[in-house]
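Student: The structure that follows is given in the form of structure tokens.
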Amino acid sequence: GKYWMAFLVTIVAGLIGLIPNCASSVILTELFIENVISMPMLISGVAVNAGVGLLVLFKTNKNLKENLSIVGLLYVIGVVSGIILQIIL
């Protein structure tokens with residue numbers, strides 16, 4: 001029930017964090033301010049966010065496998081951080 005929903009929302013927040021630019025940070029912050037998501041969910045999404053950094057990475061580094069590995073690692077670290085914070089808090 002409640003814990004699975006928190007887990008799912010943390011995963012979705014991480015996906016929102018992958019949106020380039022500051023739009024994802026604004027969206028997640030608005031959701032937090034309106035009490036739609038919790039602080040760990042916010043941190044999950046913001047930790048994944050790299051602004052336009054990911055666009056620059058894909059433009060300058062032509063190794064797609066390496067780029068996807070970096071994005072995947074960034075996503076996993078952000079989501080795992082959010083899940084750990086959900087457990088602690």
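In the structure tokens, chains take the letters A, B, ... in the order shown, each chain's residues start at 1, and ligands count up from 1 in the order shown.
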DSSP says alpha helix (DSSP H) for which residues of chain A? Put them as a ChimeraX atom specification?

Tutor: /A:2-17,23-33,39-48,53-60,64-88

Student: Give me the residues of stretch 1-59 of chain A that have any atom at most 10 Å from an atom of stretch 69-81 of chain A; for each, the nearest atom pair and the distance in Å, rounded to one decimal. Use only C-alpha atoms, sort by chain and number, and format it as a Markdown table.

Tutor:
```
| residue | atom | partner | partner_atom | distance |
| --- | --- | --- | --- | --- |
| A:Phe7 | CA | A:Val79 | CA | 9.1 |
| A:Val9 | CA | A:Val79 | CA | 9.9 |
| A:Thr10 | CA | A:Val79 | CA | 6.3 |
| A:Ile11 | CA | A:Val79 | CA | 6.0 |
| A:Val12 | CA | A:Val79 | CA | 8.9 |
| A:Ala13 | CA | A:Val79 | CA | 8.0 |
| A:Gly14 | CA | A:Val79 | CA | 5.7 |
| A:Leu15 | CA | A:Tyr75 | CA | 7.6 |
| A:Gly17 | CA | A:Tyr75 | CA | 8.3 |
| A:Leu18 | CA | A:Tyr75 | CA | 7.7 |
| A:Pro40 | CA | A:Ser81 | CA | 7.8 |
| A:Met41 | CA | A:Val79 | CA | 8.3 |
| A:Leu42 | CA | A:Gly78 | CA | 10.0 |
| A:Ile43 | CA | A:Gly78 | CA | 7.4 |
| A:Ser44 | CA | A:Gly78 | CA | 4.7 |
| A:Gly45 | CA | A:Gly78 | CA | 6.7 |
| A:Val46 | CA | A:Gly78 | CA | 7.7 |
| A:Ala47 | CA | A:Gly78 | CA | 5.0 |
| A:Val48 | CA | A:Gly78 | CA | 5.0 |
| A:Asn49 | CA | A:Leu74 | CA | 8.4 |
| A:Ala50 | CA | A:Leu74 | CA | 8.9 |
| A:Leu54 | CA | A:Val71 | CA | 7.7 |
| A:Leu57 | CA | A:Ile70 | CA | 9.4 |
```

Student: Could the residues in this selection be saved with N, CA, C and O atoms as a PDB file, in the first residue's frame?

Tutor:
```pdb
ATOM      1  N   PHE A   7       7.548   4.254  -2.887  1.00  0.00           N
ATOM      2  CA  PHE A   7       8.621   3.711  -3.719  1.00  0.00           C
ATOM      3  C   PHE A   7       8.405   4.074  -5.184  1.00  0.00           C
ATOM      4  O   PHE A   7       9.321   4.542  -5.865  1.00  0.00           O
ATOM      5  N   VAL A   9       6.539   6.544  -6.460  1.00  0.00           N
ATOM      6  CA  VAL A   9       6.652   7.992  -6.673  1.00  0.00           C
ATOM      7  C   VAL A   9       8.113   8.427  -6.665  1.00  0.00           C
ATOM      8  O   VAL A   9       8.505   9.311  -7.427  1.00  0.00           O
ATOM      9  N   THR A  10       8.943   7.792  -5.844  1.00  0.00           N
ATOM     10  CA  THR A  10      10.368   8.106  -5.816  1.00  0.00           C
ATOM     11  C   THR A  10      11.007   7.755  -7.158  1.00  0.00           C
ATOM     12  O   THR A  10      11.827   8.517  -7.691  1.00  0.00           O
ATOM     13  N   ILE A  11      10.617   6.637  -7.741  1.00  0.00           N
ATOM     14  CA  ILE A  11      11.120   6.235  -9.059  1.00  0.00           C
ATOM     15  C   ILE A  11      10.666   7.234 -10.128  1.00  0.00           C
ATOM     16  O   ILE A  11      11.455   7.646 -10.979  1.00  0.00           O
ATOM     17  N   VAL A  12       9.409   7.641 -10.066  1.00  0.00           N
ATOM     18  CA  VAL A  12       8.877   8.609 -11.035  1.00  0.00           C
ATOM     19  C   VAL A  12       9.563   9.971 -10.857  1.00  0.00           C
ATOM     20  O   VAL A  12       9.891  10.641 -11.838  1.00  0.00           O
ATOM     21  N   ALA A  13       9.807  10.375  -9.616  1.00  0.00           N
ATOM     22  CA  ALA A  13      10.500  11.642  -9.364  1.00  0.00           C
ATOM     23  C   ALA A  13      11.888  11.611  -9.996  1.00  0.00           C
ATOM     24  O   ALA A  13      12.342  12.610 -10.561  1.00  0.00           O
ATOM     25  N   GLY A  14      12.556  10.462  -9.925  1.00  0.00           N
ATOM     26  CA  GLY A  14      13.855  10.317 -10.582  1.00  0.00           C
ATOM     27  C   GLY A  14      13.738  10.466 -12.088  1.00  0.00           C
ATOM     28  O   GLY A  14      14.583  11.103 -12.722  1.00  0.00           O
ATOM     29  N   LEU A  15      12.686   9.921 -12.668  1.00  0.00           N
ATOM     30  CA  LEU A  15      12.469  10.072 -14.113  1.00  0.00           C
ATOM     31  C   LEU A  15      12.205  11.525 -14.481  1.00  0.00           C
ATOM     32  O   LEU A  15      12.708  12.017 -15.494  1.00  0.00           O
ATOM     33  N   GLY A  17      13.385  13.995 -12.916  1.00  0.00           N
ATOM     34  CA  GLY A  17      14.695  14.632 -12.791  1.00  0.00           C
ATOM     35  C   GLY A  17      15.543  14.519 -14.045  1.00  0.00           C
ATOM     36  O   GLY A  17      16.458  15.309 -14.256  1.00  0.00           O
ATOM     37  N   LEU A  18      15.254  13.545 -14.892  1.00  0.00           N
ATOM     38  CA  LEU A  18      16.022  13.381 -16.132  1.00  0.00           C
ATOM     39  C   LEU A  18      15.637  14.403 -17.207  1.00  0.00           C
ATOM     40  O   LEU A  18      16.335  14.518 -18.215  1.00  0.00           O
ATOM     41  N   PRO A  40      12.089  13.258   0.664  1.00  0.00           N
ATOM     42  CA  PRO A  40      12.918  12.250  -0.006  1.00  0.00           C
ATOM     43  C   PRO A  40      12.605  12.110  -1.501  1.00  0.00           C
ATOM     44  O   PRO A  40      13.507  11.894  -2.308  1.00  0.00           O
ATOM     45  N   MET A  41      11.343  12.257  -1.864  1.00  0.00           N
ATOM     46  CA  MET A  41      10.968  12.187  -3.278  1.00  0.00           C
ATOM     47  C   MET A  41      11.537  13.380  -4.035  1.00  0.00           C
ATOM     48  O   MET A  41      12.031  13.243  -5.159  1.00  0.00           O
ATOM     49  N   LEU A  42      11.482  14.545  -3.424  1.00  0.00           N
ATOM     50  CA  LEU A  42      12.063  15.748  -4.031  1.00  0.00           C
ATOM     51  C   LEU A  42      13.560  15.561  -4.232  1.00  0.00           C
ATOM     52  O   LEU A  42      14.086  15.832  -5.314  1.00  0.00           O
ATOM     53  N   ILE A  43      14.236  15.073  -3.211  1.00  0.00           N
ATOM     54  CA  ILE A  43      15.685  14.886  -3.292  1.00  0.00           C
ATOM     55  C   ILE A  43      16.030  13.864  -4.371  1.00  0.00           C
ATOM     56  O   ILE A  43      17.008  14.041  -5.107  1.00  0.00           O
ATOM     57  N   SER A  44      15.241  12.829  -4.495  1.00  0.00           N
ATOM     58  CA  SER A  44      15.470  11.826  -5.533  1.00  0.00           C
ATOM     59  C   SER A  44      15.482  12.469  -6.920  1.00  0.00           C
ATOM     60  O   SER A  44      16.384  12.242  -7.719  1.00  0.00           O
ATOM     61  N   GLY A  45      14.481  13.280  -7.195  1.00  0.00           N
ATOM     62  CA  GLY A  45      14.392  13.913  -8.512  1.00  0.00           C
ATOM     63  C   GLY A  45      15.449  14.970  -8.744  1.00  0.00           C
ATOM     64  O   GLY A  45      16.037  15.050  -9.822  1.00  0.00           O
ATOM     65  N   VAL A  46      15.735  15.771  -7.732  1.00  0.00           N
ATOM     66  CA  VAL A  46      16.713  16.856  -7.888  1.00  0.00           C
ATOM     67  C   VAL A  46      18.128  16.284  -7.981  1.00  0.00           C
ATOM     68  O   VAL A  46      18.968  16.823  -8.703  1.00  0.00           O
ATOM     69  N   ALA A  47      18.393  15.174  -7.286  1.00  0.00           N
ATOM     70  CA  ALA A  47      19.717  14.552  -7.355  1.00  0.00           C
ATOM     71  C   ALA A  47      19.999  14.008  -8.754  1.00  0.00           C
ATOM     72  O   ALA A  47      21.141  14.011  -9.209  1.00  0.00           O
ATOM     73  N   VAL A  48      18.969  13.554  -9.425  1.00  0.00           N
ATOM     74  CA  VAL A  48      19.131  13.027 -10.782  1.00  0.00           C
ATOM     75  C   VAL A  48      19.331  14.160 -11.789  1.00  0.00           C
ATOM     76  O   VAL A  48      20.043  14.009 -12.773  1.00  0.00           O
ATOM     77  N   ASN A  49      18.755  15.301 -11.523  1.00  0.00           N
ATOM     78  CA  ASN A  49      18.789  16.417 -12.467  1.00  0.00           C
ATOM     79  C   ASN A  49      20.204  16.928 -12.686  1.00  0.00           C
ATOM     80  O   ASN A  49      20.937  17.163 -11.741  1.00  0.00           O
ATOM     81  N   ALA A  50      20.555  17.104 -13.946  1.00  0.00           N
ATOM     82  CA  ALA A  50      21.871  17.634 -14.304  1.00  0.00           C
ATOM     83  C   ALA A  50      21.727  18.872 -15.183  1.00  0.00           C
ATOM     84  O   ALA A  50      22.657  19.244 -15.888  1.00  0.00           O
ATOM     85  N   LEU A  54      23.396  16.901 -19.304  1.00  0.00           N
ATOM     86  CA  LEU A  54      23.243  15.660 -20.059  1.00  0.00           C
ATOM     87  C   LEU A  54      23.185  15.923 -21.568  1.00  0.00           C
ATOM     88  O   LEU A  54      23.700  15.136 -22.352  1.00  0.00           O
ATOM     89  N   LEU A  57      26.688  16.406 -22.558  1.00  0.00           N
ATOM     90  CA  LEU A  57      27.367  15.108 -22.561  1.00  0.00           C
ATOM     91  C   LEU A  57      27.096  14.364 -23.863  1.00  0.00           C
ATOM     92  O   LEU A  57      28.028  13.898 -24.525  1.00  0.00           O
TER      93      LEU A  57
END
```

Student: Which of these, A:Val36, A:Ile83, A:Ile16, A:Leu89, has the shortest distance to A:Trp4 once you count only C-alpha atoms?

Tutor: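 So, comparing all the options, the nearest one is A:Ile83.
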
Student: What is the distance between atom CA of A:Gln86 and atom CA of A:Ser25, in Å to one decimal?

Tutor: 19.1 Å

Student: Quick one: distance from atom CA of A:Ile84 to atom CA of A:Asn35 in Å, one decimal?

Tutor: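 Going from atom CA of A:Ile84 over to atom CA of A:Asn35, I get 19.8 Å.
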
Student: Please indicate the distance in Å from atom CA of A:Leu8 to atom CA of A:Asn21, rounded to one decimal place.

Tutor: 23.4 Å

Student: Could you tell me which of A:Met39, A:Pro20, A:Ile27, A:Gly1 comes closest to A:Phe58 if we count only C-alpha atoms?

Tutor: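 The closest residue to A:Phe58 is A:Pro20.
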